[in-house]
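Shown below: run-v3.pdb, with PDB, C-alpha atoms and all ligand atoms.
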```pdb
ATOM      1  CA  MET J 201       9.716  -8.485 -19.678
ATOM      2  CA  LYS J 202       6.406  -8.204 -21.544
ATOM      3  CA  VAL J 203       3.933  -5.470 -20.563
ATOM      4  CA  SER J 204       1.310  -8.114 -19.700
ATOM      5  CA  GLU J 205       3.792  -9.840 -17.353
ATOM      6  CA  LEU J 206       4.537  -6.544 -15.613
ATOM      7  CA  LEU J 207       0.830  -5.900 -15.239
ATOM      8  CA  GLN J 208       0.376  -9.280 -13.574
ATOM      9  CA  GLN J 209       3.022  -8.406 -10.994
ATOM     10  CA  ILE J 210       1.024  -5.435  -9.718
ATOM     11  CA  ASP J 211      -0.827  -6.032  -6.472
ATOM     12  CA  ARG J 212      -4.215  -4.392  -7.107
ATOM     13  CA  GLY J 213      -4.854  -4.241  -3.397
ATOM     14  CA  ALA J 214      -1.811  -2.069  -2.653
ATOM     15  CA  LEU J 215      -1.878   0.583  -5.355
ATOM     16  CA  PRO J 216      -0.568   4.081  -4.675
ATOM     17  CA  ALA J 217      -3.650   6.284  -4.211
ATOM     18  CA  HIS J 218      -1.951   9.261  -5.829
ATOM     19  CA  ILE J 219       0.803   9.218  -8.459
ATOM     20  CA  ALA J 220       2.573  12.472  -9.323
ATOM     21  CA  ILE J 221       4.876  12.771 -12.324
ATOM     22  CA  ILE J 222       7.611  15.244 -13.239
ATOM     23  CA  MET J 223       7.690  14.863 -17.010
ATOM     24  CA  ASP J 224      11.259  15.620 -18.061
ATOM     25  CA  GLY J 225      13.549  15.087 -21.033
ATOM     26  CA  ASN J 226      11.448  16.334 -23.942
ATOM     27  CA  GLY J 227      14.198  18.690 -25.079
ATOM     28  CA  ARG J 228      16.874  15.994 -24.923
ATOM     29  CA  TRP J 229      14.629  13.562 -26.790
ATOM     30  CA  ALA J 230      14.335  16.119 -29.598
ATOM     31  CA  ARG J 231      18.053  17.019 -29.592
ATOM     32  CA  LYS J 232      19.021  13.356 -29.962
ATOM     33  CA  ARG J 233      16.987  13.315 -33.166
ATOM     34  CA  GLY J 234      18.240  16.654 -34.484
ATOM     35  CA  LEU J 235      14.747  18.140 -34.002
ATOM     36  CA  PRO J 236      13.653  21.429 -32.425
ATOM     37  CA  ARG J 237      12.790  21.234 -28.695
ATOM     38  CA  VAL J 238       9.093  21.708 -29.386
ATOM     39  CA  ALA J 239       9.073  18.420 -31.297
ATOM     40  CA  GLY J 240       9.968  16.762 -28.000
ATOM     41  CA  HIS J 241       6.992  18.367 -26.282
ATOM     42  CA  ARG J 242       4.710  17.241 -29.097
ATOM     43  CA  ALA J 243       6.028  13.692 -28.769
ATOM     44  CA  GLY J 244       5.476  13.946 -25.008
ATOM     45  CA  ILE J 245       1.716  14.113 -25.549
ATOM     46  CA  ASN J 246       1.693  10.431 -26.433
ATOM     47  CA  ALA J 247       3.276   9.626 -23.076
ATOM     48  CA  VAL J 248       0.608  11.754 -21.358
ATOM     49  CA  ARG J 249      -2.060   9.615 -23.061
ATOM     50  CA  GLN J 250      -0.309   6.431 -21.945
ATOM     51  CA  VAL J 251      -0.116   7.386 -18.266
ATOM     52  CA  VAL J 252      -3.647   8.775 -18.093
ATOM     53  CA  GLU J 253      -5.064   5.639 -19.696
ATOM     54  CA  GLY J 254      -2.764   3.289 -17.772
ATOM     55  CA  SER J 255      -3.480   4.870 -14.386
ATOM     56  CA  ALA J 256      -7.253   4.966 -14.940
ATOM     57  CA  GLU J 257      -7.290   1.339 -16.086
ATOM     58  CA  LEU J 258      -5.504   0.273 -12.915
ATOM     59  CA  GLY J 259      -7.873   2.209 -10.664
ATOM     60  CA  ILE J 260      -5.454   4.865  -9.399
ATOM     61  CA  SER J 261      -7.453   7.545  -7.525
ATOM     62  CA  VAL J 262      -5.368  10.622  -8.400
ATOM     63  CA  LEU J 263      -2.801  11.348 -11.126
ATOM     64  CA  THR J 264      -0.954  14.681 -11.176
ATOM     65  CA  LEU J 265       1.250  15.745 -14.092
ATOM     66  CA  TYR J 266       3.661  18.684 -13.917
ATOM     67  CA  ALA J 267       3.101  20.356 -17.283
ATOM     68  CA  PHE J 268       4.225  23.966 -16.803
ATOM     69  CA  SER J 269       6.010  25.550 -13.876
ATOM     70  CA  LEU J 270       6.105  29.199 -12.824
ATOM     71  CA  ASP J 271       9.750  29.164 -13.939
ATOM     72  CA  ASN J 272       8.970  27.839 -17.419
ATOM     73  CA  TRP J 273       8.120  31.413 -18.553
ATOM     74  CA  LYS J 274      11.906  31.883 -18.774
ATOM     75  CA  ARG J 275      11.970  29.606 -21.829
ATOM     76  CA  PRO J 276      11.958  31.042 -25.370
ATOM     77  CA  HIS J 277       8.599  32.543 -26.371
ATOM     78  CA  ILE J 278       8.095  29.989 -29.138
ATOM     79  CA  GLU J 279       8.494  27.134 -26.659
ATOM     80  CA  VAL J 280       6.000  28.642 -24.200
ATOM     81  CA  THR J 281       3.395  29.271 -26.897
ATOM     82  CA  THR J 282       3.883  25.757 -28.297
ATOM     83  CA  LEU J 283       3.380  24.201 -24.858
ATOM     84  CA  MET J 284       0.142  26.169 -24.422
ATOM     85  CA  GLN J 285      -0.961  25.222 -27.929
ATOM     86  CA  LEU J 286      -0.235  21.543 -27.239
ATOM     87  CA  LEU J 287      -2.244  21.663 -24.054
ATOM     88  CA  LYS J 288      -5.227  23.095 -25.930
ATOM     89  CA  GLU J 289      -4.838  20.504 -28.709
ATOM     90  CA  TYR J 290      -4.586  17.701 -26.183
ATOM     91  CA  LEU J 291      -7.767  18.748 -24.393
ATOM     92  CA  ASN J 292      -9.611  19.351 -27.608
ATOM     93  CA  LYS J 293      -8.725  15.891 -28.855
ATOM     94  CA  GLU J 294      -8.862  13.906 -25.637
ATOM     95  CA  LEU J 295     -11.631  15.481 -23.589
ATOM     96  CA  GLU J 296     -14.395  13.159 -24.781
ATOM     97  CA  ASN J 297     -12.163  10.152 -24.174
ATOM     98  CA  ILE J 298     -11.299  11.439 -20.690
ATOM     99  CA  HIS J 299     -14.992  11.973 -20.003
ATOM    100  CA  LYS J 300     -15.984   8.521 -21.343
ATOM    101  CA  ASN J 301     -13.472   6.970 -18.982
ATOM    102  CA  ASN J 302     -15.181   8.686 -16.034
ATOM    103  CA  ILE J 303     -12.018  10.748 -15.331
ATOM    104  CA  ARG J 304     -12.357  14.094 -13.557
ATOM    105  CA  PHE J 305     -10.058  16.710 -15.054
ATOM    106  CA  ARG J 306      -8.685  19.498 -12.852
ATOM    107  CA  THR J 307      -5.823  21.963 -12.820
ATOM    108  CA  ILE J 308      -3.572  23.113 -10.015
ATOM    109  CA  GLY J 309      -1.502  26.295 -10.136
ATOM    110  CA  ARG J 310      -1.967  29.964 -10.892
ATOM    111  CA  THR J 311      -4.039  29.293 -14.003
ATOM    112  CA  GLU J 312      -5.674  32.714 -13.784
ATOM    113  CA  ALA J 313      -2.447  34.122 -15.309
ATOM    114  CA  LEU J 314      -2.712  31.962 -18.437
ATOM    115  CA  ASP J 315      -3.950  33.188 -21.792
ATOM    116  CA  ALA J 316      -7.751  33.482 -22.097
ATOM    117  CA  SER J 317      -7.908  30.859 -24.872
ATOM    118  CA  VAL J 318      -6.037  28.340 -22.677
ATOM    119  CA  ARG J 319      -8.247  29.133 -19.682
ATOM    120  CA  ALA J 320     -11.362  28.618 -21.781
ATOM    121  CA  GLU J 321     -10.186  25.156 -22.861
ATOM    122  CA  LEU J 322      -9.251  24.243 -19.297
ATOM    123  CA  GLU J 323     -12.588  25.427 -17.935
ATOM    124  CA  LYS J 324     -14.370  23.384 -20.602
ATOM    125  CA  GLY J 325     -12.438  20.306 -19.474
ATOM    126  CA  VAL J 326     -13.162  20.912 -15.799
ATOM    127  CA  SER J 327     -16.883  21.544 -16.248
ATOM    128  CA  ARG J 328     -17.413  18.671 -18.728
ATOM    129  CA  THR J 329     -15.919  16.151 -16.297
ATOM    130  CA  ARG J 330     -17.011  17.740 -13.005
ATOM    131  CA  ASN J 331     -19.463  15.017 -12.055
ATOM    132  CA  ASN J 332     -17.274  12.059 -13.003
ATOM    133  CA  THR J 333     -16.475   9.662 -10.215
ATOM    134  CA  GLY J 334     -13.361   7.871 -11.490
ATOM    135  CA  MET J 335      -9.726   8.963 -11.436
ATOM    136  CA  LEU J 336      -8.957  12.579 -10.634
ATOM    137  CA  PHE J 337      -6.503  13.939 -13.207
ATOM    138  CA  ASN J 338      -4.683  17.099 -12.099
ATOM    139  CA  VAL J 339      -2.527  19.031 -14.523
ATOM    140  CA  ALA J 340      -0.121  21.392 -12.766
ATOM    141  CA  LEU J 341       0.016  24.588 -14.817
ATOM    142  CA  ASN J 342       1.810  27.798 -13.964
ATOM    143  CA  TYR J 343       2.543  25.847 -10.817
ATOM    144  CA  GLY J 344       5.161  26.277  -8.097
ATOM    145  CA  GLY J 345       5.267  24.430  -4.787
ATOM    146  CA  ARG J 346       6.376  27.442  -2.755
ATOM    147  CA  ALA J 347       3.804  29.641  -4.503
ATOM    148  CA  GLU J 348       1.146  27.090  -3.580
ATOM    149  CA  ILE J 349       2.104  27.328   0.085
ATOM    150  CA  VAL J 350       2.157  31.132  -0.064
ATOM    151  CA  ASP J 351      -1.252  31.130  -1.783
ATOM    152  CA  ALA J 352      -2.540  28.839   0.973
ATOM    153  CA  VAL J 353      -1.224  31.163   3.691
ATOM    154  CA  ASN J 354      -2.798  34.173   2.009
ATOM    155  CA  ARG J 355      -6.114  32.384   1.672
ATOM    156  CA  LEU J 356      -5.896  31.411   5.311
ATOM    157  CA  LEU J 357      -5.180  35.022   6.331
ATOM    158  CA  ASN J 358      -8.172  36.193   4.308
ATOM    159  CA  ASN J 359     -10.353  33.557   5.919
ATOM    160  CA  GLY J 360     -10.100  34.550   9.527
ATOM    161  CA  GLY J 361      -6.451  33.615  10.078
ATOM    162  CA  LYS J 362      -6.092  36.050  12.958
ATOM    163  CA  GLU J 363      -9.020  34.555  14.834
ATOM    164  CA  LEU J 364      -7.611  31.070  14.224
ATOM    165  CA  ALA J 365      -4.244  32.179  15.665
ATOM    166  CA  ALA J 366      -6.012  33.496  18.742
ATOM    167  CA  THR J 367      -7.659  30.107  19.252
ATOM    168  CA  GLY J 368      -4.405  28.139  19.169
ATOM    169  CA  GLY J 369      -3.611  28.059  15.449
ATOM    170  CA  ILE J 370      -4.329  25.281  12.952
ATOM    171  CA  SER J 371      -3.116  21.729  12.442
ATOM    172  CA  GLU J 372      -1.262  20.308   9.407
ATOM    173  CA  LYS J 373      -4.507  18.649   8.366
ATOM    174  CA  ASP J 374      -6.368  21.960   8.476
ATOM    175  CA  PHE J 375      -3.592  23.733   6.568
ATOM    176  CA  ALA J 376      -3.704  21.154   3.763
ATOM    177  CA  GLN J 377      -7.301  22.222   3.104
ATOM    178  CA  TYR J 378      -5.988  25.568   1.844
ATOM    179  CA  LEU J 379      -3.701  23.980  -0.754
ATOM    180  CA  TYR J 380      -4.690  23.499  -4.410
ATOM    181  CA  THR J 381      -5.017  19.775  -3.682
ATOM    182  CA  ALA J 382      -7.485  20.198  -0.785
ATOM    183  CA  GLY J 383      -9.369  16.994  -0.137
ATOM    184  CA  GLN J 384      -7.003  14.812  -2.198
ATOM    185  CA  PRO J 385      -4.684  12.171  -0.771
ATOM    186  CA  ASP J 386      -0.979  13.111  -0.839
ATOM    187  CA  PRO J 387       1.111  11.453  -3.565
ATOM    188  CA  ASP J 388       2.429   8.055  -2.469
ATOM    189  CA  LEU J 389       4.585   7.756  -5.552
ATOM    190  CA  LEU J 390       6.541  10.504  -7.320
ATOM    191  CA  ILE J 391       7.951   9.595 -10.721
ATOM    192  CA  ARG J 392      10.586  11.635 -12.521
ATOM    193  CA  THR J 393      11.837  10.861 -16.008
ATOM    194  CA  SER J 394      15.199  11.528 -17.712
ATOM    195  CA  GLY J 395      17.346  10.640 -14.727
ATOM    196  CA  GLU J 396      17.363  14.011 -12.969
ATOM    197  CA  LEU J 397      17.382  13.814  -9.167
ATOM    198  CA  ARG J 398      15.476  16.983  -8.364
ATOM    199  CA  ILE J 399      12.079  17.924  -6.952
ATOM    200  CA  SER J 400      11.888  21.147  -9.005
ATOM    201  CA  ASN J 401       9.458  22.925  -6.679
ATOM    202  CA  PHE J 402       6.734  20.311  -7.236
ATOM    203  CA  LEU J 403       4.095  19.583  -4.565
ATOM    204  CA  LEU J 404       6.536  20.480  -1.806
ATOM    205  CA  TRP J 405       4.037  20.052   1.015
ATOM    206  CA  GLN J 406       2.294  16.993  -0.369
ATOM    207  CA  ILE J 407       5.349  14.823  -1.159
ATOM    208  CA  ALA J 408       6.576  14.732   2.452
ATOM    209  CA  TYR J 409       6.328  10.915   2.548
ATOM    210  CA  ALA J 410       6.173  10.073  -1.163
ATOM    211  CA  GLU J 411       8.339   7.287  -2.534
ATOM    212  CA  ILE J 412      10.487   8.630  -5.377
ATOM    213  CA  TRP J 413      11.113   6.598  -8.527
ATOM    214  CA  VAL J 414      13.465   8.006 -11.155
ATOM    215  CA  THR J 415      13.948   6.510 -14.597
ATOM    216  CA  GLU J 416      16.537   7.354 -17.265
ATOM    217  CA  THR J 417      13.757   7.086 -19.859
ATOM    218  CA  LEU J 418      13.028  10.439 -21.495
ATOM    219  CA  TRP J 419       9.394  11.575 -21.169
ATOM    220  CA  PRO J 420       8.398  11.057 -24.846
ATOM    221  CA  ASP J 421       9.559   7.422 -24.549
ATOM    222  CA  PHE J 422       7.572   6.783 -21.361
ATOM    223  CA  GLU J 423       4.950   4.079 -21.850
ATOM    224  CA  LYS J 424       2.555   2.020 -19.738
ATOM    225  CA  GLN J 425       5.327  -0.493 -19.064
ATOM    226  CA  HIS J 426       7.319   2.238 -17.264
ATOM    227  CA  LEU J 427       4.307   3.183 -15.174
ATOM    228  CA  TYR J 428       3.905  -0.477 -14.220
ATOM    229  CA  GLN J 429       7.619  -0.727 -13.344
ATOM    230  CA  ALA J 430       7.304   2.283 -11.066
ATOM    231  CA  ILE J 431       4.283   0.822  -9.282
ATOM    232  CA  ILE J 432       5.989  -2.567  -8.859
ATOM    233  CA  ALA J 433       9.068  -0.841  -7.376
ATOM    234  CA  PHE J 434       6.784   1.206  -5.098
ATOM    235  CA  GLN J 435       5.080  -1.947  -3.843
ATOM    236  CA  LYS J 436       8.459  -3.406  -2.860
ATOM    237  CA  ARG J 437       9.357  -0.381  -0.731
ATOM    238  CA  GLU J 438       8.818  -0.392   2.973
ATOM    239  CA  ARG J 439       7.150   2.819   4.073
ATOM    240  CA  ARG J 440       7.995   3.776   7.628
ATOM    241  CA  TYR J 441       6.846   7.404   7.893
ATOM    242  CA  GLY J 442       9.724   8.089  10.284
ATOM    243  CA  GLY J 443       8.987   5.020  12.409
ATOM    244  CA  LEU J 444      10.664   1.624  12.459
ATOM    245  CA  GLU J 445      10.215  -1.615  10.527
ATOM    246  CA  PRO J 446       7.306  -3.335  12.290
ATOM    247  CA  GLN J 447       9.459  -6.360  13.306
ATOM    248  CA  LEU J 448      11.920  -4.081  15.106
ATOM    249  CA  VAL J 449       9.336  -2.363  17.277
ATOM    250  CA  PRO J 450       8.826  -5.152  19.893
ATOM    251  CA  THR J 451      12.631  -5.797  20.137
ATOM    252  CA  LEU J 452      13.311  -2.173  20.944
ATOM    253  CA  ALA J 453      10.415  -1.990  23.378
ATOM    254  CA  LEU J 454      11.947  -4.985  25.196
ATOM    255  CA  GLY J 455      15.371  -3.327  25.234
ATOM    256  CA  ASP J 456      13.851  -0.131  26.550
ATOM    257  CA  ARG J 457      12.272  -1.999  29.426
ATOM    258  CA  LYS J 458      15.654  -3.446  30.526
ATOM    259  CA  MET J 459      17.193  -0.008  30.935
TER     260      MET J 459
HETATM  261  C1  LIG J 501      10.165  18.874 -19.560
HETATM  262  O1  LIG J 501      11.065  18.609 -20.596
HETATM  263  C2  LIG J 501       8.786  18.976 -20.021
HETATM  264  C3  LIG J 501       8.019  20.094 -19.931
HETATM  265  C4  LIG J 501       8.526  21.352 -19.342
HETATM  266  C5  LIG J 501       6.640  20.155 -20.439
HETATM  267  C6  LIG J 501       5.805  18.915 -20.422
HETATM  268  C7  LIG J 501       4.644  19.142 -21.273
HETATM  269  C8  LIG J 501       4.067  18.259 -22.130
HETATM  270  C9  LIG J 501       4.487  16.865 -22.277
HETATM  271  C10 LIG J 501       2.938  18.676 -23.034
HETATM  272  C11 LIG J 501       1.666  19.189 -22.450
HETATM  273  C12 LIG J 501       1.125  18.472 -21.295
HETATM  274  C13 LIG J 501      -0.138  17.944 -21.143
HETATM  275  C14 LIG J 501      -0.553  17.481 -19.798
HETATM  276  C15 LIG J 501      -1.080  17.778 -22.227
HETATM  277  P1  LIG J 501      12.292  19.615 -20.867
HETATM  278  O2  LIG J 501      11.886  20.521 -21.958
HETATM  279  O3  LIG J 501      12.679  20.294 -19.607
HETATM  280  O4  LIG J 501      13.379  18.611 -21.337
HETATM  281  P2  LIG J 501      14.978  18.774 -21.241
HETATM  282  O5  LIG J 501      15.304  18.809 -19.779
HETATM  283  O6  LIG J 501      15.492  17.557 -21.927
HETATM  284  O7  LIG J 501      15.330  20.052 -21.942
END
```
Please express what this file holds, its structure, as structure tokens.
Amino acid sequence: MKVSELLQQIDRGALPAHIAIIMDGNGRWARKRGLPRVAGHRAGINAVRQVVEGSAELGISVLTLYAFSLDNWKRPHIEVTTLMQLLKEYLNKELENIHKNNIRFRTIGRTEALDASVRAELEKGVSRTRNNTGMLFNVALNYGGRAEIVDAVNRLLNNGGKELAATGGISEKDFAQYLYTAGQPDPDLLIRTSGELRISNFLLWQIAYAEIWVTETLWPDFEKQHLYQAIIAFQKRERRYGGLEPQLVPTLALGDRKM
């Protein structure tokens, strides 16, 4: 099916507010071509451009990309430095475009542990786009879902946690305000490329009710058409949040009454 036909199938009134993506398969993409792994990461930048542009064009409120996990430090030094270099290159090249498209750039994760040159580029991106009102674009860097929850608990403890406990504790809604994504809607749609069926410590709290869409496509091959496919599949899902299909609710209520 043509990209334009896929686009037409999307119901603009029922878009996911927040799309989160686990970008996977860069290494395999490179291996298939007899190239070093870092060539896969470089090729993955094009897919990043496609999803940022595609999501903003559609009017998605929040896009979160998993670029570097806390565990990725275990990779060879050359791979880690190339990923950081690519991130800097991407921002350097794309920042004005991001800004022109009214996109607000942000990071989530323990970015304070990143190299000063990377932090400088990230801070430039955040401050340049701070007042934009369009799509919020989060890049998860030095990120771990459990670490995020632990960081939230520690922040809570440092912000009068004991007093809060004495007054009955806090709600889930209050707790979410201590996460990196405070104030943002939870992801409705979680996309993972390269066919792997794992969460990989990504947004553990926030994806509680996310719909998961996995494609065999390797990240560097991911294009707007794949984003559209994911959204179309999402719009066909029935989200129940632990409840029942709406048409079943009255039937059961009737049955309950007979008992
Ligand atoms: C997973 O593929 C991909 C990553 C760990 C990094 C993704 C990073 C980029 C695409 C570049 C920088 C990002 C931005 C936002 C500019 P893998 O290496 O685990 O692939 P494999 O499972 O096939 O080995």
Checklist line | Distance in Å - atom CA of Ala376 of chain J versus atom CA of Gln435 of chain J | finding: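 Computed distance, atom CA of Ala376 of chain J to atom CA of Gln435 of chain J, equals 25.9 Å.
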Next item on the list: Go through the shown structure with the PyMOL selection byres (((not hetatm)) within 10 of (chain J and resi 501)) and write out the matching residues as a PyMOL selection string.
Entry: chain J and resi 222-232+237-249+252+264-269+271-272+275+279-280+282-291+294+307+337-341+393-396+418-420
Item checked: Exercise: Leu404 of chain J partners within 7 Å, only C-alpha atoms, chain neighbours under 3 positions left out, as a PyMOL selection string -> chain J and resi 345+401+407
Next item on the list: Could you check how far atom CA of Ala313 of chain J sits from atom CA of Thr281 of chain J, in Å to one decimal?
Entry: 13.9 Å
Test item: axis-aligned box, all listed atoms of segment 356-371 of chain J, 4 Å on each side, centre and edges in Å rounded to one decimal, as AutoDock Vina command-line options:
```
--center_x -6.7 --center_y 29.0 --center_z 11.8 --size_x 15.2 --size_y 22.5 --size_z 22.9
```
Note to self: As an exercise, work out the distance from atom CA of Arg440 of chain J to atom CA of Arg392 of chain J in Å and give it to one decimal place.
What the structure shows: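 Going from atom CA of Arg440 of chain J over to atom CA of Arg392 of chain J, I get 21.8 Å.
Counting all atoms listed in the file, the residue from J:Lys202, J:Arg319, J:His218, J:Arg437 that sits nearest to Val262 of chain J is J:His218.
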Notebook entry, point to check: So what does the PyMOL selection byres (((chain J and resi 389) around 6) and not hetatm) actually pick up in this one, as a PyMOL selection string?
Noted result: chain J and resi 219+387-388+390+410-412
Check: Which one of J:Gln208, J:Tyr378, J:Ile391, J:Leu356 sits closest to Glu416 of chain J if you count all atoms listed in the file?
Finding: J:Ile391
Margin query: Please expand the PyMOL selection byres (((chain J and resi 384) around 10) and not hetatm) into the concrete residues it hits in this file, giving the result as number ranges by chain.
Written below: J: 217-218, 261-262, 336, 376-377, 379-383, 385-387, 406
Can you patch up segment 355-364 of chain J, filling it in to all heavy atoms, and show the result as a PDB file, in the coordinates of the input?
```pdb
ATOM      1  N   ARG J 355      -4.701  32.744   1.592  1.00  0.00           N
ATOM      2  CA  ARG J 355      -6.114  32.384   1.672  1.00  0.00           C
ATOM      3  C   ARG J 355      -6.534  32.220   3.132  1.00  0.00           C
ATOM      4  O   ARG J 355      -7.591  32.640   3.547  1.00  0.00           O
ATOM      5  CB  ARG J 355      -6.362  31.077   0.909  1.00  0.00           C
ATOM      6  CG  ARG J 355      -7.488  31.292  -0.087  1.00  0.00           C
ATOM      7  CD  ARG J 355      -7.898  30.059  -0.802  1.00  0.00           C
ATOM      8  NE  ARG J 355      -6.806  29.496  -1.597  1.00  0.00           N
ATOM      9  CZ  ARG J 355      -6.820  28.252  -2.045  1.00  0.00           C
ATOM     10  NH1 ARG J 355      -7.818  27.448  -1.755  1.00  0.00           N
ATOM     11  NH2 ARG J 355      -5.840  27.796  -2.787  1.00  0.00           N
ATOM     12  N   LEU J 356      -5.633  31.619   3.884  1.00  0.00           N
ATOM     13  CA  LEU J 356      -5.896  31.411   5.311  1.00  0.00           C
ATOM     14  C   LEU J 356      -6.041  32.761   6.027  1.00  0.00           C
ATOM     15  O   LEU J 356      -6.969  32.971   6.813  1.00  0.00           O
ATOM     16  CB  LEU J 356      -4.735  30.594   5.903  1.00  0.00           C
ATOM     17  CG  LEU J 356      -4.726  30.284   7.370  1.00  0.00           C
ATOM     18  CD1 LEU J 356      -5.981  29.532   7.760  1.00  0.00           C
ATOM     19  CD2 LEU J 356      -3.511  29.431   7.701  1.00  0.00           C
ATOM     20  N   LEU J 357      -5.126  33.699   5.697  1.00  0.00           N
ATOM     21  CA  LEU J 357      -5.180  35.022   6.331  1.00  0.00           C
ATOM     22  C   LEU J 357      -6.478  35.751   5.981  1.00  0.00           C
ATOM     23  O   LEU J 357      -7.057  36.440   6.806  1.00  0.00           O
ATOM     24  CB  LEU J 357      -3.980  35.870   5.895  1.00  0.00           C
ATOM     25  CG  LEU J 357      -2.619  35.422   6.439  1.00  0.00           C
ATOM     26  CD1 LEU J 357      -1.500  36.213   5.795  1.00  0.00           C
ATOM     27  CD2 LEU J 357      -2.566  35.565   7.956  1.00  0.00           C
ATOM     28  N   ASN J 358      -6.926  35.541   4.727  1.00  0.00           N
ATOM     29  CA  ASN J 358      -8.172  36.193   4.308  1.00  0.00           C
ATOM     30  C   ASN J 358      -9.413  35.488   4.841  1.00  0.00           C
ATOM     31  O   ASN J 358     -10.519  35.949   4.648  1.00  0.00           O
ATOM     32  CB  ASN J 358      -8.257  36.238   2.776  1.00  0.00           C
ATOM     33  CG  ASN J 358      -7.225  37.172   2.204  1.00  0.00           C
ATOM     34  OD1 ASN J 358      -6.886  38.173   2.835  1.00  0.00           O
ATOM     35  ND2 ASN J 358      -6.688  36.853   1.041  1.00  0.00           N
ATOM     36  N   ASN J 359      -9.214  34.326   5.411  1.00  0.00           N
ATOM     37  CA  ASN J 359     -10.353  33.557   5.919  1.00  0.00           C
ATOM     38  C   ASN J 359     -10.312  33.442   7.438  1.00  0.00           C
ATOM     39  O   ASN J 359     -10.438  32.357   7.990  1.00  0.00           O
ATOM     40  CB  ASN J 359     -10.362  32.151   5.312  1.00  0.00           C
ATOM     41  CG  ASN J 359     -10.909  32.145   3.903  1.00  0.00           C
ATOM     42  OD1 ASN J 359     -12.099  32.328   3.680  1.00  0.00           O
ATOM     43  ND2 ASN J 359     -10.010  31.976   2.952  1.00  0.00           N
ATOM     44  N   GLY J 360     -10.071  34.530   8.070  1.00  0.00           N
ATOM     45  CA  GLY J 360     -10.100  34.550   9.527  1.00  0.00           C
ATOM     46  C   GLY J 360      -8.855  33.970  10.173  1.00  0.00           C
ATOM     47  O   GLY J 360      -8.941  33.361  11.241  1.00  0.00           O
ATOM     48  N   GLY J 361      -7.702  34.140   9.536  1.00  0.00           N
ATOM     49  CA  GLY J 361      -6.451  33.615  10.078  1.00  0.00           C
ATOM     50  C   GLY J 361      -6.123  34.140  11.465  1.00  0.00           C
ATOM     51  O   GLY J 361      -5.654  33.399  12.327  1.00  0.00           O
ATOM     52  N   LYS J 362      -6.424  35.425  11.665  1.00  0.00           N
ATOM     53  CA  LYS J 362      -6.092  36.050  12.958  1.00  0.00           C
ATOM     54  C   LYS J 362      -6.882  35.409  14.089  1.00  0.00           C
ATOM     55  O   LYS J 362      -6.351  35.115  15.155  1.00  0.00           O
ATOM     56  CB  LYS J 362      -6.386  37.553  12.908  1.00  0.00           C
ATOM     57  CG  LYS J 362      -5.212  38.343  12.403  1.00  0.00           C
ATOM     58  CD  LYS J 362      -5.346  39.812  12.784  1.00  0.00           C
ATOM     59  CE  LYS J 362      -4.187  40.607  12.208  1.00  0.00           C
ATOM     60  NZ  LYS J 362      -4.608  41.855  11.632  1.00  0.00           N
ATOM     61  N   GLU J 363      -8.161  35.176  13.805  1.00  0.00           N
ATOM     62  CA  GLU J 363      -9.020  34.555  14.834  1.00  0.00           C
ATOM     63  C   GLU J 363      -8.525  33.142  15.127  1.00  0.00           C
ATOM     64  O   GLU J 363      -8.506  32.701  16.274  1.00  0.00           O
ATOM     65  CB  GLU J 363     -10.491  34.490  14.373  1.00  0.00           C
ATOM     66  CG  GLU J 363     -11.185  35.834  14.264  1.00  0.00           C
ATOM     67  CD  GLU J 363     -10.867  36.569  12.953  1.00  0.00           C
ATOM     68  OE1 GLU J 363     -11.204  36.029  11.900  1.00  0.00           O
ATOM     69  OE2 GLU J 363     -10.269  37.656  12.994  1.00  0.00           O
ATOM     70  N   LEU J 364      -8.109  32.441  14.040  1.00  0.00           N
ATOM     71  CA  LEU J 364      -7.611  31.070  14.224  1.00  0.00           C
ATOM     72  C   LEU J 364      -6.371  31.080  15.112  1.00  0.00           C
ATOM     73  O   LEU J 364      -6.212  30.239  15.992  1.00  0.00           O
ATOM     74  CB  LEU J 364      -7.275  30.430  12.876  1.00  0.00           C
ATOM     75  CG  LEU J 364      -8.462  29.891  12.080  1.00  0.00           C
ATOM     76  CD1 LEU J 364      -8.039  29.513  10.678  1.00  0.00           C
ATOM     77  CD2 LEU J 364      -9.046  28.668  12.784  1.00  0.00           C
TER      78      LEU J 364
END
```
